[in-house]
Amino acid sequence: MKLRLSLLVVVSLLAVSATALAATANDEVARLHALFDRAWETQLRENPLFATSVGRHEYDDRLPSVTMADLDRRHAHTKAALAELANIDRTKLPPTEIVNYDIFKQRLEDSSASFDLGDYQVPFNADSGFHSGFSRLPKDVPLATVKDYENYISRLKAWPRYVREETALMRIGIKRGMTIPRATLEGYDSTITAHIVDDPAKSVFWAPFAKFPSSVPESERARLQTEGRAAVMDGAVVGYREFLDFFRNEYLPNARTTLGASELPNGRAYYALKIREFTTLNLTPEEIHKIGLSEVERISGEMNAVMKEAGFNGDFAAFLVFLRTDPRFYAKTPEELLSRASRIAKRIDGKLPSLFKTLPRLPYTVEAVPADIAPKYTSGRYVGPAQGSTQPGIYWVNTYMLESRPLYNLEALTLHEAVPGHHLQISLARELGDLPNFRRFSYISAFGEGWGLYCEWLGIEAGIYQDPYSNFGRLTYEMWRACRLVVDTGIHSMGWTRKQAIDYLATRTALPLHEVETEVDRYISWPGQALAYKLGELKIKELRKRAEGALGTKFDVREFHDVVLGSGAVPLSVLESNVDRWIDEQRKTR
């Protein structure tokens, strides 16, 4: 009897202990998510444009404020959030919450380090910037009611103030030597002059006033047009004119003549931060450079084999000249290029059920890259819609200089930017309602760009590449991303020149020379971003090979893809843990 009572006491104590532990864990989870929620609301309040993009419309009448006082206040919030996070006992969190904790912590630490290094002093690069992003405002905001139009007008009127605040930050950068290299800015003022018009009807910002939706009463339209005309001319145009004056007379003459991030103030630390931020890996520039050289050598062998398959009589350099100059590889009109891209996209759509169990609800369309940014822009890109809007995802195809947009690259470009690349990945992430908001709407480059490059390779399995030339186009794109590892680290840590980078890329890929130059300028002005693609792809392919080896005939590629995309954008270490856990579960089940 005593033994039975003792056992009952022990069991009771264990039950009480387990209940207490569960309660403690619940408390820690509740504290963690309360912190997530407060940080999210702060982010929306401080960045009204971001708030609109995620479907929150309390701040649709305003633009961000980016004075130094604002930035100092936000930096203080970041440090306070880090201190609060440190007081949450990570060891008491369940595995899924540990992942949330770690990702959130890394975001805060990167944000804090970015501020300390002065990243805010460079709000644009050769690829994109605050001013080119603003030009998409008419397509990114709701415009269904009178209030929506009033909010839109309010934002146009606020544009000059926002421009002045950004230029004030850039003046700080000029004094510190924290600028975009001058070598990448030739012709860049076209992204500004496109919005300086003498007639509001010529402005991209006028489009909403040229045609109103039926939900806006006729009685309000004349007033809104009058206010809109003033907002376009006195808001948007004035802001761009002031920015052009600053760019031409202050920024360009004082932009640094060096190239590498290592030449910036605290440049080595800055580049190390960018490597970690864009790759989620703790690799040195030297390690990445070595990986790049190895991949370049491997892909070069495959390219030579495909060249022979195409029956070309000549060496590799002659084959590149042939691909860059033969008219058969180039569209004659922008409409032809868009039509080809659309047809390829539709053909890929038909392959998706064989590769994926879960597909997003959001559709996508194909459009030309806007004319104001096309000359310095990449060959294509995916642009997601604001959450909750009536807009589709958009696969942008650059129709500027058709002689630099080869058709043999189009399959790989479509697989990467549309489906099953960025459209599929980003749209699915936004449908993951069980994730904290900061993860649902975040973009981790190593994951997203790695996935896009993996999808180019997946096109082989799907039968998308129908001749040696399109397969060579795929290899050109893979070589392009491998060369990025060499070129980016070469420029930003090893003293490479712009010409050296251009020559390296031009002699190893079939990219048109115009695109080679715009891409190199992008790498120079955007340190580290180019590293994400190949390093992310290598990890995804490594994990797939591991799963195939472990599961053999039981491997299901559709389930594997669901696992890869099923947690949204994650650091590569988290992706590896997710796949390893799935492999273990499949082994036990099967």
# chains A, B, ... in the order shown; residues from 1 in each chain; ligands from 1
>>> select_by_dssp(residues="segment 56-285 of chain A", states="alpha helix (DSSP H)", output="MDAnalysis selection string")
chainID A and resid 68:86 95:116 130:134 137:140 146:176 190:193 207:210 218:231 238:246 252:254 267:279 285
>>> residues_around(residues="Val141 of chain A", least_positions_apart="3", cutoff="7 Å", atoms="only C-alpha atoms", output="list of chain:residue names")
A:Thr52, A:Leu137, A:Pro138
>>> closest_atom_pairs(of="segment 382-478 of chain A", to="segment 569-577 of chain A", cutoff="10 Å", atoms="only C-alpha atoms", output="tab-separated table")
residue	atom	partner	partner_atom	distance
A:Gln425	CA	A:Ala569	CA	8.4
A:Ile426	CA	A:Ala569	CA	8.3
A:Ala429	CA	A:Ala569	CA	7.2
A:Arg439	CA	A:Ala569	CA	7.2
A:Arg440	CA	A:Ala569	CA	7.9
A:Phe441	CA	A:Ala569	CA	8.9
A:Ser442	CA	A:Ala569	CA	7.0
A:Tyr443	CA	A:Ala569	CA	6.1
A:Ile444	CA	A:Ala569	CA	5.7
A:Ser445	CA	A:Ala569	CA	8.4
A:Ala446	CA	A:Leu572	CA	7.1
A:Phe447	CA	A:Ala569	CA	5.9
A:Gly448	CA	A:Ala569	CA	6.7
A:Gly450	CA	A:Leu572	CA	9.6
A:Trp451	CA	A:Ala569	CA	9.9
>>> write_last_selection(atoms="N, CA and C atoms", output="short mmCIF file (atom, residue, chain, number, x, y, z; two decimals), in the first residue's frame")
data_model
loop_
_atom_site.label_atom_id
_atom_site.label_comp_id
_atom_site.auth_asym_id
_atom_site.auth_seq_id
_atom_site.Cartn_x
_atom_site.Cartn_y
_atom_site.Cartn_z
N GLN A 425 6.47 30.83 -55.44
CA GLN A 425 7.06 30.86 -54.10
C GLN A 425 6.49 31.98 -53.24
N ILE A 426 6.43 33.19 -53.78
CA ILE A 426 5.97 34.35 -53.00
C ILE A 426 4.47 34.27 -52.73
N ALA A 429 3.78 31.73 -49.99
CA ALA A 429 4.19 32.23 -48.68
C ALA A 429 3.12 33.14 -48.09
N ARG A 439 7.18 37.09 -41.10
CA ARG A 439 7.72 36.04 -41.96
C ARG A 439 6.89 35.87 -43.23
N ARG A 440 5.60 36.01 -43.13
CA ARG A 440 4.75 35.86 -44.33
C ARG A 440 5.12 36.86 -45.41
N PHE A 441 5.52 38.05 -44.99
CA PHE A 441 5.78 39.13 -45.95
C PHE A 441 7.26 39.48 -46.04
N SER A 442 8.11 38.55 -45.64
CA SER A 442 9.55 38.82 -45.73
C SER A 442 10.10 38.12 -46.97
N TYR A 443 11.25 38.59 -47.41
CA TYR A 443 11.91 37.96 -48.55
C TYR A 443 13.36 37.72 -48.17
N ILE A 444 13.76 36.46 -48.13
CA ILE A 444 15.13 36.09 -47.82
C ILE A 444 15.78 35.70 -49.14
N SER A 445 16.75 36.49 -49.58
CA SER A 445 17.29 36.36 -50.93
C SER A 445 17.87 34.99 -51.22
N ALA A 446 18.63 34.42 -50.29
CA ALA A 446 19.24 33.11 -50.54
C ALA A 446 18.18 32.06 -50.81
N PHE A 447 17.07 32.15 -50.11
CA PHE A 447 15.98 31.20 -50.31
C PHE A 447 15.25 31.50 -51.62
N GLY A 448 14.79 32.75 -51.79
CA GLY A 448 13.98 33.10 -52.95
C GLY A 448 14.75 33.00 -54.26
N GLY A 450 17.66 31.43 -54.69
CA GLY A 450 18.10 30.04 -54.83
C GLY A 450 16.99 29.19 -55.42
N TRP A 451 15.76 29.40 -54.95
CA TRP A 451 14.61 28.68 -55.49
C TRP A 451 14.43 29.01 -56.98
#
>>> residues_around(residues="segment 61-68 of chain A", least_positions_apart="3", cutoff="12 Å", atoms="only C-alpha atoms", output="PyMOL selection string")
chain A and resi 43-52+56-58+71-75+115+118+120-121+123+130+134+137+141-142+147-172
>>> closest_residue(among="A:Ala230, A:Met479, A:Ile491, A:Val197", to="Gly260 of chain A", atoms="only C-alpha atoms")
A:Ile491
>>> residues_around(residues="Thr414 of chain A", least_positions_apart="5", cutoff="8 Å", atoms="only C-alpha atoms", output="list in words")
Ala341, Ile344, Ala345, Tyr395 and Val419 of chain A
>>> decode(residues="segment 232-322 of chain A", atoms="C-alpha atoms", output="mmCIF file, in the first residue's frame")
data_model
loop_
_atom_site.group_PDB
_atom_site.id
_atom_site.type_symbol
_atom_site.label_atom_id
_atom_site.label_comp_id
_atom_site.auth_asym_id
_atom_site.auth_seq_id
_atom_site.Cartn_x
_atom_site.Cartn_y
_atom_site.Cartn_z
ATOM 1 C CA VAL A 232 0.947 65.546 -60.213
ATOM 2 C CA MET A 233 2.529 68.849 -61.262
ATOM 3 C CA ASP A 234 3.219 70.398 -57.835
ATOM 4 C CA GLY A 235 3.912 67.114 -56.065
ATOM 5 C CA ALA A 236 5.314 64.347 -58.250
ATOM 6 C CA VAL A 237 6.929 66.524 -60.928
ATOM 7 C CA VAL A 238 8.384 69.014 -58.442
ATOM 8 C CA GLY A 239 9.851 66.201 -56.360
ATOM 9 C CA TYR A 240 11.492 64.529 -59.347
ATOM 10 C CA ARG A 241 12.779 67.890 -60.621
ATOM 11 C CA GLU A 242 14.404 68.590 -57.252
ATOM 12 C CA PHE A 243 15.914 65.112 -57.185
ATOM 13 C CA LEU A 244 17.292 65.562 -60.715
ATOM 14 C CA ASP A 245 18.898 68.863 -59.728
ATOM 15 C CA PHE A 246 20.491 67.216 -56.681
ATOM 16 C CA PHE A 247 21.599 64.171 -58.669
ATOM 17 C CA ARG A 248 23.246 66.138 -61.479
ATOM 18 C CA ASN A 249 24.753 68.993 -59.480
ATOM 19 C CA GLU A 250 25.679 67.382 -56.166
ATOM 20 C CA TYR A 251 25.567 63.595 -56.214
ATOM 21 C CA LEU A 252 27.130 62.703 -59.543
ATOM 22 C CA PRO A 253 30.102 65.122 -59.239
ATOM 23 C CA ASN A 254 30.829 63.823 -55.726
ATOM 24 C CA ALA A 255 30.105 60.126 -56.213
ATOM 25 C CA ARG A 256 33.099 58.003 -55.278
ATOM 26 C CA THR A 257 35.548 56.914 -57.959
ATOM 27 C CA THR A 258 36.313 53.587 -56.232
ATOM 28 C CA LEU A 259 34.222 50.453 -56.893
ATOM 29 C CA GLY A 260 34.431 47.906 -54.101
ATOM 30 C CA ALA A 261 32.469 47.846 -50.871
ATOM 31 C CA SER A 262 35.835 47.375 -49.190
ATOM 32 C CA GLU A 263 36.572 51.021 -50.119
ATOM 33 C CA LEU A 264 33.587 52.330 -48.153
ATOM 34 C CA PRO A 265 33.887 53.526 -44.541
ATOM 35 C CA ASN A 266 34.187 50.305 -42.495
ATOM 36 C CA GLY A 267 33.990 48.587 -45.863
ATOM 37 C CA ARG A 268 35.147 45.120 -44.826
ATOM 38 C CA ALA A 269 32.533 44.969 -42.080
ATOM 39 C CA TYR A 270 29.912 46.342 -44.470
ATOM 40 C CA TYR A 271 30.584 43.649 -47.073
ATOM 41 C CA ALA A 272 30.600 40.926 -44.412
ATOM 42 C CA LEU A 273 27.168 42.151 -43.288
ATOM 43 C CA LYS A 274 25.874 42.071 -46.861
ATOM 44 C CA ILE A 275 27.162 38.531 -47.367
ATOM 45 C CA ARG A 276 25.367 37.347 -44.238
ATOM 46 C CA GLU A 277 22.223 39.324 -45.060
ATOM 47 C CA PHE A 278 21.870 38.033 -48.626
ATOM 48 C CA THR A 279 23.154 34.456 -48.212
ATOM 49 C CA THR A 280 22.252 33.664 -44.543
ATOM 50 C CA LEU A 281 25.644 31.936 -44.413
ATOM 51 C CA ASN A 282 28.842 32.716 -42.511
ATOM 52 C CA LEU A 283 31.200 32.518 -45.465
ATOM 53 C CA THR A 284 34.214 34.686 -46.232
ATOM 54 C CA PRO A 285 34.638 36.391 -49.620
ATOM 55 C CA GLU A 286 37.555 34.052 -50.316
ATOM 56 C CA GLU A 287 35.436 30.935 -49.657
ATOM 57 C CA ILE A 288 32.661 32.202 -51.936
ATOM 58 C CA HIS A 289 35.140 33.128 -54.664
ATOM 59 C CA LYS A 290 36.511 29.571 -54.588
ATOM 60 C CA ILE A 291 33.018 28.039 -54.850
ATOM 61 C CA GLY A 292 32.343 30.296 -57.821
ATOM 62 C CA LEU A 293 35.514 29.257 -59.656
ATOM 63 C CA SER A 294 34.645 25.585 -59.156
ATOM 64 C CA GLU A 295 31.118 26.062 -60.499
ATOM 65 C CA VAL A 296 32.372 28.065 -63.478
ATOM 66 C CA GLU A 297 34.691 25.208 -64.426
ATOM 67 C CA ARG A 298 31.945 22.564 -64.100
ATOM 68 C CA ILE A 299 29.350 24.520 -66.089
ATOM 69 C CA SER A 300 31.901 25.362 -68.783
ATOM 70 C CA GLY A 301 32.227 21.653 -69.560
ATOM 71 C CA GLU A 302 28.457 21.290 -69.919
ATOM 72 C CA MET A 303 28.246 24.346 -72.171
ATOM 73 C CA ASN A 304 30.890 22.920 -74.522
ATOM 74 C CA ALA A 305 28.958 19.653 -74.729
ATOM 75 C CA VAL A 306 25.720 21.449 -75.662
ATOM 76 C CA MET A 307 27.572 23.574 -78.238
ATOM 77 C CA LYS A 308 28.706 20.363 -79.937
ATOM 78 C CA GLU A 309 25.162 18.992 -79.740
ATOM 79 C CA ALA A 310 23.978 22.084 -81.637
ATOM 80 C CA GLY A 311 26.398 21.147 -84.435
ATOM 81 C CA PHE A 312 28.351 24.391 -84.335
ATOM 82 C CA ASN A 313 31.678 24.329 -86.171
ATOM 83 C CA GLY A 314 33.937 26.694 -84.288
ATOM 84 C CA ASP A 315 35.294 27.476 -80.847
ATOM 85 C CA PHE A 316 33.396 28.734 -77.818
ATOM 86 C CA ALA A 317 34.139 32.421 -78.478
ATOM 87 C CA ALA A 318 32.811 32.107 -82.032
ATOM 88 C CA PHE A 319 29.663 30.389 -80.721
ATOM 89 C CA LEU A 320 29.018 33.338 -78.399
ATOM 90 C CA VAL A 321 29.373 35.770 -81.302
ATOM 91 C CA PHE A 322 26.938 33.638 -83.337
#
